[in-house]
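A.B. asks: File follows, work.txt with compact mmCIF, C-alpha atoms:
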```txt
# COMPACT_ATOMS: atom_id res chain seq x y z
CA MET A 330 120.88 54.77 134.80
CA SER A 331 124.21 56.03 136.03
CA GLY A 332 125.04 59.43 137.45
CA ASN A 333 122.70 61.84 139.17
CA ILE A 334 120.25 62.35 136.31
CA LYS A 335 116.65 61.78 137.38
CA ILE A 336 114.17 60.81 134.68
CA PRO A 337 110.59 61.97 135.35
CA SER A 338 107.99 59.20 135.50
CA LEU A 339 104.90 59.20 133.32
CA ASP A 340 102.85 60.59 136.21
CA SER A 341 105.16 63.52 136.95
CA VAL A 342 102.26 65.92 137.42
CA TYR A 343 102.09 67.95 140.60
CA PHE A 344 99.08 69.95 141.77
CA VAL A 345 99.74 73.25 143.54
CA THR A 346 96.73 72.58 145.75
CA ASP A 347 98.51 69.50 147.17
CA PHE A 348 101.20 71.89 148.44
CA GLY A 349 98.75 74.21 150.17
CA ALA A 350 97.81 76.62 147.38
CA VAL A 351 94.35 78.19 147.62
CA GLY A 352 92.75 80.14 144.79
CA ASP A 353 90.61 82.42 146.93
CA GLY A 354 92.33 85.70 146.00
CA VAL A 355 93.32 86.21 149.64
CA LEU A 356 95.93 83.65 150.72
CA ASP A 357 99.55 84.30 149.70
CA ASN A 358 100.48 81.36 147.45
CA THR A 359 104.16 82.21 146.93
CA ASP A 360 105.53 79.49 149.19
CA ALA A 361 103.08 76.80 148.04
CA PHE A 362 103.85 77.33 144.35
CA ASN A 363 107.61 77.42 144.92
CA ARG A 364 107.52 74.18 146.91
CA ALA A 365 105.56 72.47 144.16
CA LEU A 366 107.92 73.75 141.47
CA LYS A 367 111.02 72.82 143.46
CA THR A 368 109.70 69.31 144.06
CA ALA A 369 109.10 68.81 140.34
CA GLY A 370 112.59 70.08 139.56
CA GLU A 371 114.25 67.83 142.12
CA ASN A 372 112.53 64.81 140.57
CA GLY A 373 113.82 65.39 137.06
CA GLY A 374 111.12 67.76 135.87
CA GLY A 375 107.41 67.62 135.31
CA ILE A 376 104.19 69.60 135.08
CA VAL A 377 102.98 71.69 137.98
CA PHE A 378 99.26 72.13 137.38
CA VAL A 379 97.25 75.19 138.42
CA PRO A 380 93.47 74.63 138.56
CA ALA A 381 90.89 77.34 138.10
CA GLY A 382 91.04 79.97 140.82
CA ASN A 383 92.45 83.33 141.83
CA PHE A 384 95.93 82.70 143.23
CA LEU A 385 97.35 85.73 145.05
CA PHE A 386 101.13 86.25 145.37
CA LYS A 387 103.06 88.59 147.63
CA GLY A 388 106.41 87.31 146.31
CA HIS A 389 108.01 85.75 143.24
CA ILE A 390 108.03 82.24 141.77
CA THR A 391 110.81 80.38 139.97
CA ILE A 392 110.25 77.60 137.44
CA PRO A 393 113.21 75.16 137.57
CA VAL A 394 114.90 73.32 134.72
CA ALA A 395 112.56 71.05 132.71
CA VAL A 396 109.46 72.11 134.63
CA THR A 397 106.22 73.50 133.20
CA LEU A 398 103.84 75.62 135.24
CA GLN A 399 100.52 75.03 133.52
CA GLY A 400 97.00 76.33 133.97
CA ILE A 401 93.74 75.24 132.38
CA TYR A 402 93.87 77.34 129.21
CA SER A 403 94.89 75.76 125.90
CA TYR A 404 94.72 79.16 124.20
CA ALA A 405 95.33 82.65 125.54
CA PRO A 406 92.03 83.89 127.01
CA SER A 407 90.46 87.32 126.98
CA HIS A 408 88.29 88.99 129.58
CA GLN A 409 85.77 91.78 129.83
CA GLY A 410 87.04 95.08 128.52
CA ARG A 411 86.36 97.71 125.88
CA ILE A 412 85.84 95.20 123.06
CA ASN A 413 84.67 92.20 125.11
CA GLU A 414 81.67 93.45 127.07
CA ASN A 415 80.00 90.07 127.60
CA LEU A 416 83.04 88.03 128.61
CA PRO A 417 83.92 87.15 132.22
CA LYS A 418 85.62 89.81 134.28
CA PRO A 419 89.24 89.25 135.32
CA GLY A 420 89.34 86.64 138.04
CA GLU A 421 85.93 85.14 137.30
CA SER A 422 87.30 82.14 135.41
CA GLY A 423 90.45 80.19 134.60
CA SER A 424 93.85 79.83 136.24
CA VAL A 425 94.58 83.39 137.37
CA LEU A 426 97.91 84.42 138.94
CA MET A 427 97.61 87.70 140.86
CA PRO A 428 100.96 89.33 141.75
CA THR A 429 101.22 92.23 144.19
CA ALA A 430 104.96 92.42 145.06
CA ASP A 431 107.10 95.50 144.36
CA LYS A 432 104.20 97.80 143.61
CA GLY A 433 105.49 101.24 142.68
CA THR A 434 108.93 100.23 141.38
CA GLU A 435 110.42 98.69 138.24
CA ASP A 436 113.62 97.65 139.99
CA GLY A 437 112.43 94.52 141.76
CA GLU A 438 112.60 90.87 140.78
CA ALA A 439 110.37 89.53 138.01
CA PHE A 440 107.18 87.83 139.19
CA VAL A 441 107.89 84.60 137.26
CA ILE A 442 111.44 83.43 136.45
CA LEU A 443 112.04 80.67 133.89
CA ASN A 444 115.22 78.57 133.84
CA HIS A 445 116.56 76.28 131.08
CA ASN A 446 113.86 74.28 129.26
CA ALA A 447 111.16 75.71 131.53
CA SER A 448 107.70 76.73 130.36
CA LEU A 449 104.78 78.84 131.50
CA LYS A 450 101.48 77.82 129.90
CA GLY A 451 97.76 78.34 130.11
CA VAL A 452 97.43 81.07 132.74
CA SER A 453 96.12 84.60 133.01
CA ILE A 454 98.26 87.08 134.97
CA TYR A 455 96.31 89.93 136.49
CA TYR A 456 97.56 92.68 138.81
CA PRO A 457 94.65 93.23 141.23
CA GLU A 458 96.06 96.47 142.67
CA GLN A 459 96.71 98.15 139.32
CA THR A 460 94.64 101.25 138.59
CA ASP A 461 93.19 102.73 135.42
CA GLU A 462 91.93 105.93 137.04
CA GLN A 463 95.36 107.60 136.97
CA GLU A 464 98.84 106.88 135.66
CA PRO A 465 99.35 103.15 136.32
CA TYR A 466 101.50 101.85 139.16
CA LYS A 467 104.97 100.67 138.20
CA TYR A 468 105.87 97.00 138.57
CA PRO A 469 108.95 94.97 137.57
CA TRP A 470 108.87 92.57 134.64
CA THR A 471 106.08 90.03 134.92
CA ILE A 472 108.03 87.18 133.27
CA SER A 473 111.82 86.84 132.93
CA LEU A 474 113.50 84.22 130.72
CA ARG A 475 116.85 83.14 132.16
CA GLY A 476 117.84 80.02 130.28
CA ARG A 477 117.98 78.25 126.97
CA ASN A 478 114.82 77.07 125.26
CA CYS A 479 112.38 78.79 127.60
CA ALA A 480 108.75 78.98 126.48
CA VAL A 481 105.76 81.20 127.27
CA ILE A 482 102.62 79.83 125.63
CA ASP A 483 98.89 80.56 125.93
CA VAL A 484 99.35 83.31 128.50
CA GLU A 485 97.33 86.46 129.04
CA LEU A 486 99.17 89.50 130.44
CA LEU A 487 96.04 91.39 131.28
CA ASN A 488 97.36 94.59 132.89
CA ALA A 489 101.08 94.07 133.47
CA TYR A 490 103.22 97.19 133.65
CA ASN A 491 106.20 95.39 132.06
CA GLY A 492 105.49 92.17 130.20
CA ILE A 493 108.15 89.64 129.15
CA ASP A 494 111.89 90.15 129.64
CA ALA A 495 113.86 88.07 127.14
CA GLY A 496 116.85 90.38 127.15
CA LYS A 497 118.52 90.87 130.51
CA TYR A 498 119.87 87.30 130.46
CA ASP A 499 121.10 85.07 127.65
CA CYS A 500 118.03 83.04 126.57
CA PRO A 501 118.59 81.70 123.04
CA ARG A 502 115.97 79.70 121.17
CA HIS A 503 113.16 81.13 123.27
CA TYR A 504 109.60 80.47 122.12
CA ILE A 505 106.87 82.99 122.90
CA SER A 506 103.52 82.12 121.34
CA ARG A 507 99.85 82.98 121.74
CA VAL A 508 100.42 85.68 124.33
CA TYR A 509 97.64 88.26 124.53
CA GLY A 510 96.84 91.15 126.84
CA GLN A 511 97.65 94.76 127.61
CA PRO A 512 101.12 95.42 129.03
CA LEU A 513 101.05 99.12 129.86
CA ARG A 514 104.68 100.29 129.65
CA ARG A 515 106.63 97.59 127.79
CA GLY A 516 105.43 94.46 126.08
CA ILE A 517 108.35 92.20 125.13
CA TYR A 518 112.07 93.02 125.41
CA ILE A 519 114.56 90.98 123.35
CA ASP A 520 118.35 91.23 123.69
CA GLN A 521 121.49 89.07 124.01
CA ILE A 522 119.97 86.38 121.75
CA HIS A 523 122.84 84.46 120.12
CA ASP A 524 120.73 81.73 118.56
CA ILE A 525 117.41 81.96 116.77
CA GLY A 526 114.45 83.04 118.89
CA ARG A 527 110.80 82.83 117.85
CA ILE A 528 107.90 85.08 118.79
CA GLU A 529 104.54 84.46 117.15
CA ASN A 530 100.84 85.21 117.57
CA VAL A 531 101.31 87.96 120.16
CA HIS A 532 98.53 90.54 120.36
CA PHE A 533 98.54 93.51 122.72
CA ASN A 534 95.12 95.15 122.76
CA PRO A 535 93.26 97.34 125.29
CA TRP A 536 91.50 94.33 126.78
CA TRP A 537 91.87 95.52 130.34
CA SER A 538 91.10 99.22 130.06
CA CYS A 539 90.75 102.00 127.54
CA SER A 540 90.32 104.73 130.14
CA GLN A 541 91.64 108.17 129.28
CA ALA A 542 94.41 107.86 131.87
CA ILE A 543 95.62 104.54 130.45
CA CYS A 544 95.42 105.63 126.82
CA ASP A 545 97.27 108.86 127.59
CA PHE A 546 99.99 106.92 129.39
CA MET A 547 100.44 104.33 126.66
CA VAL A 548 100.52 106.86 123.83
CA GLU A 549 103.11 108.93 125.73
CA HIS A 550 105.29 106.14 127.21
CA GLY A 551 104.32 102.72 125.85
CA GLU A 552 106.71 100.49 123.88
CA ALA A 553 105.24 97.24 122.57
CA PHE A 554 108.27 95.36 121.18
CA LEU A 555 111.86 96.33 122.05
CA ILE A 556 114.41 94.41 119.99
CA GLY A 557 118.14 94.54 120.67
CA ARG A 558 120.94 92.07 119.89
CA CYS A 559 119.54 88.98 118.22
CA ASP A 560 120.59 86.61 115.48
CA TRP A 561 117.83 85.60 113.12
CA GLN A 562 114.97 86.58 115.38
CA TYR A 563 111.71 85.41 113.81
CA MET A 564 108.54 87.40 114.56
CA THR A 565 105.20 86.36 113.04
CA ASN A 566 101.73 87.78 113.59
CA CYS A 567 102.79 90.19 116.33
CA PHE A 568 100.40 93.09 116.78
CA ALA A 569 99.94 96.00 119.16
CA ILE A 570 97.81 99.13 119.43
CA PHE A 571 97.98 102.50 121.23
CA TYR A 572 101.68 102.37 122.14
CA LYS A 573 103.96 105.35 121.59
CA VAL A 574 106.31 103.01 119.69
CA GLY A 575 105.19 99.74 118.19
CA PHE A 576 108.52 98.18 117.18
CA LEU A 577 111.80 99.67 118.49
CA PHE A 578 115.11 98.32 117.14
CA ASP A 579 118.30 99.42 118.90
CA ASP A 580 121.61 98.47 120.45
CA PHE A 581 120.90 98.33 124.19
CA GLY A 582 124.56 97.67 124.98
CA ASN A 583 124.93 94.11 123.69
CA GLY A 584 124.78 94.48 119.92
CA LYS A 585 122.41 95.19 117.06
CA PRO A 586 119.29 93.34 115.89
CA ASN A 587 118.80 91.00 112.93
CA VAL A 588 115.07 90.35 112.60
CA LEU A 589 112.60 88.91 110.10
CA LEU A 590 109.03 90.12 110.67
CA ASN A 591 106.08 88.57 108.87
CA GLN A 592 102.42 89.62 109.10
CA CYS A 593 103.13 91.99 111.99
CA GLY A 594 101.45 95.31 112.67
CA HIS A 595 100.90 98.27 114.91
CA ASP A 596 97.81 100.46 115.07
CA GLU A 597 96.96 103.97 116.29
CA SER A 598 100.53 104.99 117.04
CA PRO A 599 102.61 108.17 117.05
CA MET A 600 105.65 106.08 115.98
CA THR A 601 104.80 102.70 114.54
CA VAL A 602 108.42 101.64 113.85
CA VAL A 603 111.71 103.17 115.07
CA VAL A 604 115.00 101.76 113.79
CA ASN A 605 118.02 103.17 115.62
CA LYS A 606 120.40 100.29 114.86
CA ALA A 607 120.40 97.17 112.66
CA GLN A 608 123.07 94.57 111.98
CA ILE A 609 125.08 95.55 108.91
CA HIS A 610 125.16 92.13 107.27
CA ALA A 611 121.44 91.28 107.44
CA GLY A 612 119.45 94.05 109.09
CA ILE A 613 115.68 94.06 109.46
CA SER A 614 113.07 92.75 107.03
CA PHE A 615 109.32 93.48 107.12
CA ASN A 616 107.08 91.27 104.97
CA ASN A 617 103.28 91.53 104.60
CA CYS A 618 103.03 93.92 107.54
CA GLN A 619 100.49 96.66 108.32
CA MET A 620 101.55 99.83 110.12
CA MET A 621 99.49 102.85 111.23
CA GLY A 622 101.55 105.86 112.27
CA GLU A 623 104.92 107.40 111.45
CA LEU A 624 107.99 105.27 110.76
CA TYR A 625 111.54 106.38 111.52
CA VAL A 626 114.87 104.96 110.40
CA ASN A 627 117.24 107.23 112.28
CA GLU A 628 120.66 108.67 111.51
CA SER A 629 122.37 106.18 113.83
CA ASN A 630 121.40 103.21 111.64
CA LYS A 631 123.97 101.63 109.29
CA GLY A 632 122.25 98.33 108.48
CA PRO A 633 119.79 97.42 105.70
CA VAL A 634 116.07 97.79 106.28
CA LYS A 635 113.60 96.17 103.88
CA PHE A 636 109.84 96.53 103.43
CA ASN A 637 108.01 94.18 101.08
CA ASN A 638 104.27 94.06 100.39
CA CYS A 639 103.40 96.21 103.43
CA GLY A 640 100.65 98.74 104.04
CA PHE A 641 101.17 102.12 105.74
CA TRP A 642 98.61 104.73 106.73
CA GLY A 643 98.37 107.65 109.10
CA THR A 644 96.76 108.24 112.48
CA ILE A 645 93.74 110.50 112.65
CA HIS A 646 94.03 114.03 114.02
CA GLY A 647 92.49 114.23 117.51
CA ARG A 648 92.25 110.46 117.98
CA LEU A 649 93.35 109.65 121.56
CA GLY A 650 94.75 113.17 121.74
CA GLN A 651 97.19 112.53 118.90
CA SER A 652 98.08 115.27 116.43
CA GLY A 653 97.79 112.97 113.44
CA SER A 654 100.48 111.68 111.10
CA ALA A 655 102.66 113.88 108.92
CA SER A 656 105.12 111.78 106.86
CA LEU A 657 104.60 108.02 106.96
CA MET A 658 108.29 107.23 106.43
CA ASN A 659 111.32 109.21 107.58
CA LEU A 660 114.45 107.50 106.24
CA ASN A 661 117.91 108.46 107.51
CA GLY A 662 121.31 106.89 108.16
CA LYS A 663 123.84 105.00 106.07
CA GLY A 664 121.93 101.72 105.72
CA HIS A 665 120.38 100.80 102.37
CA ILE A 666 116.55 100.91 102.50
CA THR A 667 114.34 98.93 100.12
CA ILE A 668 110.60 99.61 99.77
CA ASN A 669 108.84 97.24 97.37
CA SER A 670 105.17 96.62 96.54
CA CYS A 671 103.91 98.71 99.46
CA GLN A 672 100.79 100.85 99.73
CA PHE A 673 100.58 104.30 101.32
CA TYR A 674 97.48 106.17 102.42
CA GLY A 675 96.62 108.98 104.81
CA TRP A 676 99.69 111.19 105.26
CA ASP A 677 99.91 114.97 105.77
CA ILE A 678 97.17 114.87 108.42
CA ASP A 679 98.76 116.90 111.23
CA PRO A 680 97.55 120.53 110.83
CA ASP A 681 100.78 121.80 112.43
CA ARG A 682 102.94 120.02 109.85
CA LYS A 683 101.08 120.76 106.65
CA GLY A 684 102.77 120.01 103.36
CA SER A 685 104.48 116.84 104.60
CA SER A 686 105.62 114.26 102.07
CA CYS A 687 104.54 110.65 102.33
CA ILE A 688 108.21 109.56 102.34
CA ASN A 689 111.19 111.68 103.38
CA VAL A 690 114.42 110.19 102.00
CA ASN A 691 117.67 111.25 103.67
CA CYS A 692 119.44 107.90 103.89
CA ASP A 693 122.54 107.14 101.82
CA SER A 694 120.82 104.80 99.37
CA SER A 695 117.27 103.61 98.74
CA ILE A 696 114.97 101.97 96.22
CA ILE A 697 111.23 102.66 96.07
CA SER A 698 109.57 100.34 93.56
CA SER A 699 106.16 98.95 92.60
CA CYS A 700 104.40 100.96 95.34
CA SER A 701 100.98 102.66 95.36
CA PHE A 702 100.51 106.21 96.69
CA MET A 703 96.78 106.38 97.33
CA ARG A 704 96.17 110.10 97.84
CA VAL A 705 96.37 113.23 95.73
CA LYS A 706 98.81 115.41 97.66
CA ASP A 707 101.28 118.21 97.06
CA LYS A 708 104.20 115.93 97.93
CA HIS A 709 104.58 112.20 97.54
CA ILE A 710 108.34 111.83 98.01
CA THR A 711 110.99 114.29 99.18
CA VAL A 712 114.64 113.37 98.58
CA GLY A 713 116.75 115.48 100.92
CA GLU A 714 120.29 116.81 101.11
CA ASN A 715 121.80 113.74 102.79
CA ALA A 716 120.61 111.24 100.18
CA LYS A 717 123.31 109.93 97.84
CA LYS A 718 121.29 107.70 95.52
CA CYS A 719 117.55 107.05 95.33
CA ILE A 720 115.88 104.91 92.66
CA ILE A 721 112.13 105.47 92.18
CA LEU A 722 110.84 102.87 89.76
CA GLY A 723 107.50 101.50 88.57
CA ASN A 724 105.22 103.14 91.14
CA MET A 725 101.59 104.23 90.83
CA PHE A 726 100.59 107.72 92.02
CA CYS A 727 97.18 109.32 92.57
CA GLY A 728 97.16 112.64 90.76
CA ASP A 729 100.35 114.25 89.55
CA ILE A 730 103.65 112.62 90.48
CA THR A 731 105.16 114.93 93.08
CA ILE A 732 108.80 114.14 93.84
CA GLU A 733 110.83 116.93 95.43
CA LYS A 734 114.62 116.78 95.07
CA ALA A 735 117.08 118.78 97.14
CA LYS A 736 119.89 118.37 94.59
CA ASP A 737 120.48 117.05 91.10
CA GLY A 738 122.01 113.71 90.16
CA VAL A 739 120.72 111.77 93.15
CA VAL A 740 117.34 110.50 91.95
CA GLU A 741 116.84 108.04 89.10
CA GLU A 742 113.22 107.65 87.98
CA GLY A 743 111.51 105.37 85.50
CA PHE A 744 108.20 103.77 84.57
CA ASN A 745 106.20 105.62 87.18
CA ALA A 746 102.54 106.25 86.34
CA THR A 747 99.46 108.12 87.54
CA ILE A 748 95.94 106.87 88.14
```
Go ahead and render the structure in this file as structure tokens.

C.D. replies:
Amino acid sequence: MSGNIKIPSLDSVYFVTDFGAVGDGVLDNTDAFNRALKTAGENGGGIVFVPAGNFLFKGHITIPVAVTLQGIYSYAPSHQGRINENLPKPGESGSVLMPTADKGTEDGEAFVILNHNASLKGVSIYYPEQTDEQEPYKYPWTISLRGRNCAVIDVELLNAYNGIDAGKYDCPRHYISRVYGQPLRRGIYIDQIHDIGRIENVHFNPWWSCSQAICDFMVEHGEAFLIGRCDWQYMTNCFAIFYKVGFLFDDFGNGKPNVLLNQCGHDESPMTVVVNKAQIHAGISFNNCQMMGELYVNESNKGPVKFNNCGFWGTIHGRLGQSGSASLMNLNGKGHITINSCQFYGWDIDPDRKGSSCINVNCDSSIISSCSFMRVKDKHITVGENAKKCIILGNMFCGDITIEKAKDGVVEEGFNATI
């Protein structure tokens, strides 16, 4: 073999304990892990294995090119919490990484940095100094992707403040799969993706804590999925609960999103989906999704947004201190919006916003077809002053069909029925 390329041997597996790592929850393992990772990288790549234990870190670790940092889990674990009373407590089992650096600030370096073709697999990341008795402590991003074809697989982000950063650096073709946990402020941030990225089987639940302080914080500040510039971003089976915003689509300074979402959902949310920007040529497509809360396509959007075979329902008044849902969809902007074969239930719940329609249409153009409106209410659909053309076709309504129109000549209706 010519040149300086080093091919890893079949036994290119390195154990962090051979480099001085100790999983006692006391010793700082930053240097030991980095030496093991660097050694693997200098030898052409390999697997750096983390056995069961509680590995404390007072600094940050970097995974070099073609190196995998791997713990014992072959599937993202869960630990004792609100819905898992009989499971082990955090730190009682598995390969647990326990970061403590930069407590109190979001501006520091990420705990784990991944370079090209690097992977993080099979570990639980738990912040031992985080609190659920008050507003949580700030921390920087837990994981930062900084190369092409990075992967995060079978990882639990138990109580991270900020979860996975896949947006500050160009990281096309990333693969994020089977990531569970409870990031408190932000879950996953996507931006600057110029080749297809994949995110699948990500579930953010209150597995760490459902204390009043944590729930109040998440409902007021939490953002589960933040999606900026991306080209053909695929998201499948991504779910979150209790965040202020479930799915946020925007231009964060690098361009607009183009996303296909399948079997995704968000539960118990003030704002389940917020679309500020979408790419004009392709936009955002939701298929077979389930959303609880209010959805907003805002005036700033010019790209198409499509909903097919999705279910929408409202949050309950008083639940987690929320006021309850008013309208389930608020549609604005110049982008064409398509709503097909969807089901709506539980709107007009907020006592301070009585008389709300299920869908408020103020976007330039829209089609609402083959949908089911599952409640008898004063208003099903309101078509406002800013709408230019709205087609309402082949829908089923409980009770009388109640469509309010701000002006004539905008709405075309046909083959709608009552049950």

A.B. asks: Would you please work out which residue, of A:Gln651, A:Ser629, A:Asn363, A:Ser424, is nearest to Gly451 (chain A) when using all atoms listed in the file?

C.D. replies: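 That would be A:Ser424, the residue with the smallest distance to Gly451 (chain A).
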
A.B. asks: Can you check which parts of region 618-683 of chain A lie within 12 Å of region 585-598 of chain A? Per residue, the shortest pair of atoms and distance in Å to one decimal, counting all atoms listed in the file, sorted by chain and number, as CSV.

C.D. replies:
```
residue,atom,partner,partner_atom,distance
A:Cys618,CA,A:Gln592,CA,4.6
A:Gln619,CA,A:Gly594,CA,4.7
A:Met620,CA,A:His595,CA,5.1
A:Met621,CA,A:Asp596,CA,4.8
A:Gly622,CA,A:Ser598,CA,5.0
A:Glu623,CA,A:Ser598,CA,7.5
A:Leu624,CA,A:Ser598,CA,9.8
A:Ser629,CA,A:Lys585,CA,11.5
A:Asn630,CA,A:Lys585,CA,9.7
A:Lys631,CA,A:Lys585,CA,10.2
A:Gly632,CA,A:Lys585,CA,9.1
A:Pro633,CA,A:Asn587,CA,9.7
A:Val634,CA,A:Val588,CA,9.8
A:Lys635,CA,A:Leu589,CA,9.6
A:Phe636,CA,A:Leu590,CA,9.7
A:Asn637,CA,A:Asn591,CA,9.8
A:Asn638,CA,A:Gln592,CA,9.9
A:Cys639,CA,A:Gln592,CA,8.7
A:Gly640,CA,A:Gly594,CA,9.3
A:Phe641,CA,A:Gly594,CA,9.7
A:Trp642,CA,A:Asp596,CA,9.4
A:Gly643,CA,A:Glu597,CA,8.2
A:Thr644,CA,A:Glu597,CA,5.7
A:Ile645,CA,A:Glu597,CA,8.1
A:His646,CA,A:Glu597,CA,10.7
A:Gly647,CA,A:Glu597,CA,11.3
A:Arg648,CA,A:Glu597,CA,8.2
A:Leu649,CA,A:Glu597,CA,8.5
A:Gly650,CA,A:Glu597,CA,10.9
A:Gln651,CA,A:Ser598,CA,8.5
A:Ser652,CA,A:Ser598,CA,10.6
A:Gly653,CA,A:Ser598,CA,9.2
A:Ser654,CA,A:Ser598,CA,8.9
A:Leu657,CA,A:Ser598,CA,11.3
```

A.B. asks: Counting all atoms listed in the file, figure out which residue out of A:Arg507, A:Pro512, A:Ala611, A:Val425 gets nearest to Lys467 (chain A).

C.D. replies: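 Once distances to Lys467 (chain A) are computed over all atoms listed in the file, the minimum belongs to A:Pro512.
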
A.B. asks: So how many Å separate CA of Lys450 (chain A) and CA of Cys539 (chain A), to one decimal?

C.D. replies: 26.6 Å

A.B. asks: Which is closest to Val531 (chain A) among A:Asn413, A:Gln672, A:Ala405, A:Val441, if we use all atoms listed in the file?

C.D. replies: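 Closest to Val531 (chain A) of all the choices is A:Ala405.
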
A.B. asks: Which of these residues is nearest to Thr429 (chain A), using only C-alpha atoms: A:Asp524, A:Asp681, A:Asp357, A:Asp494?

C.D. replies: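 Distance minimum relative to Thr429 (chain A) lands on A:Asp357.
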
A.B. asks: One decimal, Å: what's the distance from CA of Phe576 (chain A) over to CA of Trp536 (chain A), could you say?

C.D. replies: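 It comes out at 19.9 Å.
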
A.B. asks: Here is a test: counting all atoms listed in the file, which residue of A:Met547, A:Ala439, A:Leu660, A:Ala447 is nearest to Lys497 (chain A)?

C.D. replies: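 Using all atoms listed in the file, the shortest distance to Lys497 (chain A) belongs to A:Ala439.
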
A.B. asks: Near Gly516 (chain A), counting all atoms listed in the file, which residues have an atom at most 10 Å away, once you skip same-chain residues fewer than 5 positions from it, shown as a count of residues only?

C.D. replies: 22

A.B. asks: Calculate how many Å separate CA of Val342 (chain A) from CA of Val377 (chain A), rounding to one decimal.

C.D. replies: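 These two atoms are separated by 5.8 Å.
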
A.B. asks: Neighbouring residues of Gly557 (chain A) were defined as those with any atom within 12 Å, considering all atoms listed in the file; residues of the same chain fewer than 6 positions away were excluded. Please report them as a PyMOL selection string.

C.D. replies: chain A and resi 494-497+517-523+576-588+604-608+612-613

A.B. asks: Hey, can you pull every residue with an atom no more than 9 Å from (103.0, 71.2, 135.1), using all atoms listed in the file, and send it as a PyMOL selection string?

C.D. replies: chain A and resi 341-344+366+369+374-379+396-400+448-450

A.B. asks: Find the residues around Ile525 (chain A) up to 6 Å (only C-alpha atoms counted), leave out those fewer than 2 positions away in its own chain, and share them as number ranges by chain.

C.D. replies: A: 502, 560-562

A.B. asks: Please produce an output containing C-alpha atoms for each residue in the selection, written as an mmCIF file, in the coordinates of the input.

C.D. replies:
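again31.cif, written as the output of this step:
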```cif
data_model
loop_
_atom_site.group_PDB
_atom_site.id
_atom_site.type_symbol
_atom_site.label_atom_id
_atom_site.label_comp_id
_atom_site.auth_asym_id
_atom_site.auth_seq_id
_atom_site.Cartn_x
_atom_site.Cartn_y
_atom_site.Cartn_z
ATOM 1 C CA ARG A 502 115.970 79.700 121.170
ATOM 2 C CA ASP A 560 120.590 86.610 115.480
ATOM 3 C CA TRP A 561 117.830 85.600 113.120
ATOM 4 C CA GLN A 562 114.970 86.580 115.380
#
```
